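Novice: Here it is, the structure in full.
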Amino acid sequence: MAPEEGTSTAPMQRPAPRPSWLAARRLSRVLCLDDFESVARRHLPRPIFGYVAGAAETHASYRDNRAVFDEYGFRHRVLRNVSDRESSIDLLGRRYSAPFGIAPMGICSLTGYRGDLAQARAAERAGIPMILSASSLIRLEEVVEEAPGTWFQAYLPAKSAEIDALIDRVARAGVETLVITVDSAVVPNRENNVRNGFKTPLRPSWRLLWDGMTHPAWSLGTFLKTCVRHGVPHFENNAAKRGVAIVSRQVTRDFSGREHLDWFELKRIRRRWTGRLVIKGVLHPDDVALARQHGADGVIISNHGGRQLDGAVSPLRALPHALEVAGGMEVMIDSGFRRGTDVIKALALGASCAFVGRPFNYASAIGAEAGVDHAIQLLMSEIRADMGMLGITRLAELDAEELVDLAQRR
């Protein structure tokens, strides 16, 4: 069932975990989201880090996702009483503590021990949305039990009957918001995975052995700990039934076969799914309009963090055109967000919420749940400070008048 309008997602009272000595030492050097990457680079084996950090082909979209934020400048107001700042938002019938959430990312529990759970618990405690990836390695039922507000992101299976079975499973788990990713019809060209030695299925090799030996904290604290306590990781949520193990030869088969999917399938899903429905991976305004016509409650403007079609336009560039045709849908955004000012620029241009990916993956890898807590608090603190310097006390006060398009002035 969809949540009633105005329902609040107050943070749960589960106590925040204390970081280990090693994690605390690492986190003491992390002052912003970008800092997580350099620490994770040293902690993770090269193939694993490369998989998370990399993008498609020349990384053109990945670079533009960051460059676009430099094309907007602020015009702040001064001598305003900003002592009563409040950064919550209303999104899809719920109230969240901050205007950002955690984007769906696959194999987070291979980069950090039980990484999906760490992110979900931290998000639930902080009162922000978190989207569990279909490519996660922990059963969605377990994650939703620990963090009931978690959204679920699905890659549609190849056959309609399999789609129906997956939708029914997600509903039985108690998920209220279903996110359908639609920009993955074919497997992208990620040359960086080949260059870094990341392969699926994972296969023993001298290089993999060396990477494990030279990164003992990851090998012992994540990979071996996972295998001993929970067995060899499987892709748990791509279909109604348990998926294959990460070492299985059938991995490639399970991630292909979506070329024929179209809007007809989305129409079928909308009839079957009674909760909130969000479409992720749209950039063209015509697709935003089609999502609205097919009953979506929201869209996430996204180029998949630059990991799919290289050269795809930055979502921030596509946002104004999407808003023109969105009607009453929520228009959210992801790809490239790292700073509080990035989030505020998107909100000023009309986005409802911004989702952040890679930094939270790195945070759970190097600091477990406490690392994700730290990342959330860093971004929350930046947003509150930015609001004060802009001269506003509520995010609803933001609009495009606070921004100057520097690209047009050159």
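How things are named: the first chain in the structure tokens is A, the next is B, and so on; residues count from 1 in each chain; ligands count from 1 in the order shown.
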As a list in words, please: the residues near stretch 31-45 of chain A (cut-off 6 Å, only C-alpha atoms, same-chain neighbours under 6 positions excluded).
Specialist: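 Here the qualifying residues turn out to be Asp211, Arg338, Pro359 and Tyr362 of chain A.
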Novice: Please produce an output containing N, CA and C atoms for each residue in the selection, written as a CSV table (one decimal), in the first residue's frame.
Specialist:
```csv
chain,number,residue,atom,x,y,z
A,211,ASP,N,46.0,-9.0,-5.2
A,211,ASP,CA,45.2,-7.9,-4.7
A,211,ASP,C,44.6,-8.1,-3.3
A,338,ARG,N,28.1,15.8,-5.0
A,338,ARG,CA,29.1,15.6,-4.0
A,338,ARG,C,29.0,16.7,-2.8
A,359,PRO,N,29.9,8.0,-3.1
A,359,PRO,CA,30.5,8.3,-1.8
A,359,PRO,C,29.9,7.5,-0.7
A,362,TYR,N,31.7,4.1,-0.8
A,362,TYR,CA,33.0,4.2,-0.2
A,362,TYR,C,32.9,4.3,1.3
```
Novice: Out of stretch 217-355 of chain A, which residues get alpha helix (DSSP H) from DSSP, as number ranges by chain?
Specialist: A: 217-218, 225-230, 251-254, 263-272, 285-293, 315-325, 340-348
Novice: Quote the spacing between atom CA of A:Gly243 and atom CA of A:Ser302 in Å to one decimal place.
Specialist: 26.2 Å
Novice: Which residues are close to stretch 218-224 of chain A, i.e. within 12 Å by only C-alpha atoms, leaving aside same-chain residues fewer than 6 positions away? Reply as a CSV table (one decimal) with N, CA and C atoms, in the first residue's frame.
Specialist:
```
chain,number,residue,atom,x,y,z
A,20,SER,N,35.0,1.1,14.6
A,20,SER,CA,36.2,0.5,15.1
A,20,SER,C,37.3,1.5,15.1
A,22,LEU,N,40.2,1.4,13.6
A,22,LEU,CA,40.7,1.7,12.3
A,22,LEU,C,39.8,2.6,11.5
A,23,ALA,N,38.4,2.3,11.6
A,23,ALA,CA,37.5,3.1,10.9
A,23,ALA,C,37.5,4.5,11.4
A,40,ALA,N,39.1,5.1,0.2
A,40,ALA,CA,38.6,3.8,-0.4
A,40,ALA,C,39.6,3.3,-1.4
A,41,ARG,N,40.2,4.1,-2.1
A,41,ARG,CA,41.2,3.7,-3.2
A,41,ARG,C,42.3,2.9,-2.5
A,42,ARG,N,42.8,3.3,-1.3
A,42,ARG,CA,43.8,2.6,-0.6
A,42,ARG,C,43.3,1.3,0.1
A,43,HIS,N,42.0,1.3,0.5
A,43,HIS,CA,41.4,0.2,1.2
A,43,HIS,C,41.0,-1.0,0.3
A,44,LEU,N,40.5,-0.6,-0.9
A,44,LEU,CA,39.9,-1.7,-1.7
A,44,LEU,C,40.9,-2.2,-2.8
A,45,PRO,N,40.8,-3.5,-3.1
A,45,PRO,CA,41.6,-4.0,-4.2
A,45,PRO,C,41.3,-3.2,-5.5
A,46,ARG,N,42.3,-3.1,-6.3
A,46,ARG,CA,42.1,-2.3,-7.6
A,46,ARG,C,40.9,-2.7,-8.4
A,48,ILE,N,38.0,-4.0,-7.5
A,48,ILE,CA,36.8,-3.6,-6.8
A,48,ILE,C,36.6,-2.1,-6.9
A,49,PHE,N,37.7,-1.4,-6.5
A,49,PHE,CA,37.6,0.1,-6.5
A,49,PHE,C,37.3,0.6,-7.9
A,107,ILE,N,26.4,-4.5,-5.7
A,107,ILE,CA,27.5,-5.2,-5.0
A,107,ILE,C,28.1,-4.4,-3.9
A,108,CYS,N,27.3,-3.5,-3.2
A,108,CYS,CA,27.8,-2.8,-2.0
A,108,CYS,C,28.3,-3.7,-0.9
A,109,SER,N,27.8,-4.9,-0.9
A,109,SER,CA,28.2,-5.8,0.2
A,109,SER,C,29.5,-6.6,-0.2
A,110,LEU,N,30.0,-6.3,-1.4
A,110,LEU,CA,31.3,-6.8,-1.8
A,110,LEU,C,32.4,-5.7,-1.5
A,111,THR,N,32.0,-4.5,-1.5
A,111,THR,CA,33.0,-3.4,-1.2
A,111,THR,C,33.1,-3.2,0.3
A,112,GLY,N,32.0,-3.4,1.0
A,112,GLY,CA,32.0,-3.3,2.5
A,112,GLY,C,31.1,-4.4,3.1
A,113,TYR,N,31.5,-4.8,4.3
A,113,TYR,CA,30.8,-5.9,4.9
A,113,TYR,C,29.3,-5.5,5.1
A,114,ARG,N,28.4,-6.3,4.6
A,114,ARG,CA,26.9,-6.0,4.7
A,114,ARG,C,26.6,-4.6,4.3
A,115,GLY,N,27.3,-4.1,3.3
A,115,GLY,CA,27.2,-2.7,2.9
A,115,GLY,C,25.8,-2.2,2.7
A,208,LEU,N,44.2,-11.7,-8.6
A,208,LEU,CA,43.2,-11.5,-7.6
A,208,LEU,C,43.8,-11.9,-6.2
A,209,LEU,N,44.6,-13.0,-6.2
A,209,LEU,CA,45.3,-13.3,-5.0
A,209,LEU,C,46.2,-12.2,-4.5
A,210,TRP,N,46.9,-11.6,-5.4
A,210,TRP,CA,47.9,-10.6,-5.0
A,210,TRP,C,47.1,-9.3,-4.5
A,211,ASP,N,46.0,-9.0,-5.2
A,211,ASP,CA,45.2,-7.9,-4.7
A,211,ASP,C,44.6,-8.1,-3.3
A,212,GLY,N,44.2,-9.4,-3.0
A,212,GLY,CA,43.8,-9.7,-1.7
A,212,GLY,C,44.8,-9.6,-0.6
A,230,HIS,N,28.1,-15.9,5.9
A,230,HIS,CA,26.9,-15.9,5.1
A,230,HIS,C,27.0,-16.7,3.8
A,231,GLY,N,28.1,-17.3,3.6
A,231,GLY,CA,28.3,-18.1,2.4
A,231,GLY,C,28.8,-17.2,1.2
A,232,VAL,N,29.0,-17.8,0.1
A,232,VAL,CA,29.4,-17.1,-1.1
A,232,VAL,C,28.3,-16.1,-1.5
A,233,PRO,N,28.6,-14.9,-1.7
A,233,PRO,CA,27.5,-13.9,-2.1
A,233,PRO,C,26.8,-14.3,-3.4
A,246,ILE,N,28.2,-14.8,-7.3
A,246,ILE,CA,29.0,-13.9,-8.0
A,246,ILE,C,30.1,-14.7,-8.7
A,364,SER,N,30.6,3.1,3.4
A,364,SER,CA,30.3,1.8,4.0
A,364,SER,C,31.5,0.9,3.9
A,365,ALA,N,32.3,1.0,2.9
A,365,ALA,CA,33.5,0.2,2.7
A,365,ALA,C,34.5,0.5,3.7
A,366,ILE,N,34.8,1.7,4.1
A,366,ILE,CA,35.9,2.1,5.0
A,366,ILE,C,35.4,2.3,6.4
A,367,GLY,N,34.1,2.5,6.6
A,367,GLY,CA,33.7,2.8,8.0
A,367,GLY,C,32.4,2.1,8.4
A,368,ALA,N,31.9,1.1,7.6
A,368,ALA,CA,30.7,0.4,7.9
A,368,ALA,C,29.6,1.4,8.1
```
Novice: Can you work out which one of A:Gln293, A:Thr181, A:Gln408, A:Thr200 has the shortest atom-to-atom distance to A:Tyr51, counting only C-alpha atoms?
Specialist: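 Checking each candidate against A:Tyr51, we get A:Thr200 as the closest.
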Novice: Pick out the closest residue to A:Val288 from this set: A:Arg307, A:Arg268, A:Val325, A:Thr58. Count only C-alpha atoms.
Specialist: A:Val325
Novice: Residues at most 10 Å from A:Pro47, counting only C-alpha atoms, excluding those fewer than 5 positions away in the same chain, as a list in words?
Specialist: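 In the requested format, the answer is Val52, Ala53, Asn192, Asn193, Val194, Arg195, Asn196, Gly197, Phe198, Lys199, Arg207, Leu208 and Asp211 of chain A.
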Novice: May I ask for the distance between atom CA of A:Leu132 and atom CA of A:Ala120, given in Å to one decimal place?
Specialist: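 So the two atoms, atom CA of A:Leu132 and atom CA of A:Ala120, lie 7.8 Å apart.
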Novice: Using DSSP on the backbone coordinates, identify the residues of stretch 168-316 of chain A assigned to strand (DSSP E); present them as a VMD selection string.
Specialist: chain A and resid 177 to 181 276 to 282 298 to 301
Novice: Counting only C-alpha atoms, which residues of stretch 57-96 of chain A fall within 12 Å of stretch 146-149 of chain A, and what is the closest atom pair for each with its distance in Å at one decimal, ordered by chain and rising number, as a Markdown table?
Specialist:
```
| residue | atom | partner | partner_atom | distance |
| --- | --- | --- | --- | --- |
| A:Arg94 | CA | A:Gly149 | CA | 10.0 |
| A:Arg95 | CA | A:Gly149 | CA | 11.4 |
| A:Tyr96 | CA | A:Gly149 | CA | 10.6 |
```
Novice: Could those selected residues go to a file with C-alpha atoms, as an mmCIF file, in the first residue's frame?
Specialist:
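This is the output file result-v6.cif:
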```
data_model
loop_
_atom_site.group_PDB
_atom_site.id
_atom_site.type_symbol
_atom_site.label_atom_id
_atom_site.label_comp_id
_atom_site.auth_asym_id
_atom_site.auth_seq_id
_atom_site.Cartn_x
_atom_site.Cartn_y
_atom_site.Cartn_z
ATOM 1 C CA ARG A 94 6.480 11.418 3.307
ATOM 2 C CA ARG A 95 8.630 13.913 5.135
ATOM 3 C CA TYR A 96 12.380 13.427 5.088
#
```
Novice: Would you tabulate, counting only C-alpha atoms, all residues of stretch 260-354 of chain A that have an atom at most 12 Å from an atom of stretch 78-90 of chain A, showing the closest pair of atoms and their distance in Å to one decimal, sorted by chain then ascending number, as a tab-separated table?
Specialist:
```
residue	atom	partner	partner_atom	distance
A:Glu330	CA	A:Asp90	CA	10.2
A:Gly340	CA	A:Ser87	CA	11.3
A:Val343	CA	A:Ser87	CA	11.6
A:Ile344	CA	A:Ser87	CA	10.6
A:Leu347	CA	A:Ile89	CA	10.6
A:Ala351	CA	A:Ile89	CA	11.3
A:Ser352	CA	A:Ile89	CA	8.0
A:Cys353	CA	A:Ile89	CA	8.1
A:Ala354	CA	A:Ile89	CA	11.3
```
Novice: Mind giving me the straight-line distance from atom CA of A:Val143 to atom CA of A:Ser335 in Å, one decimal?
Specialist: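 So the answer is 24.0 Å.
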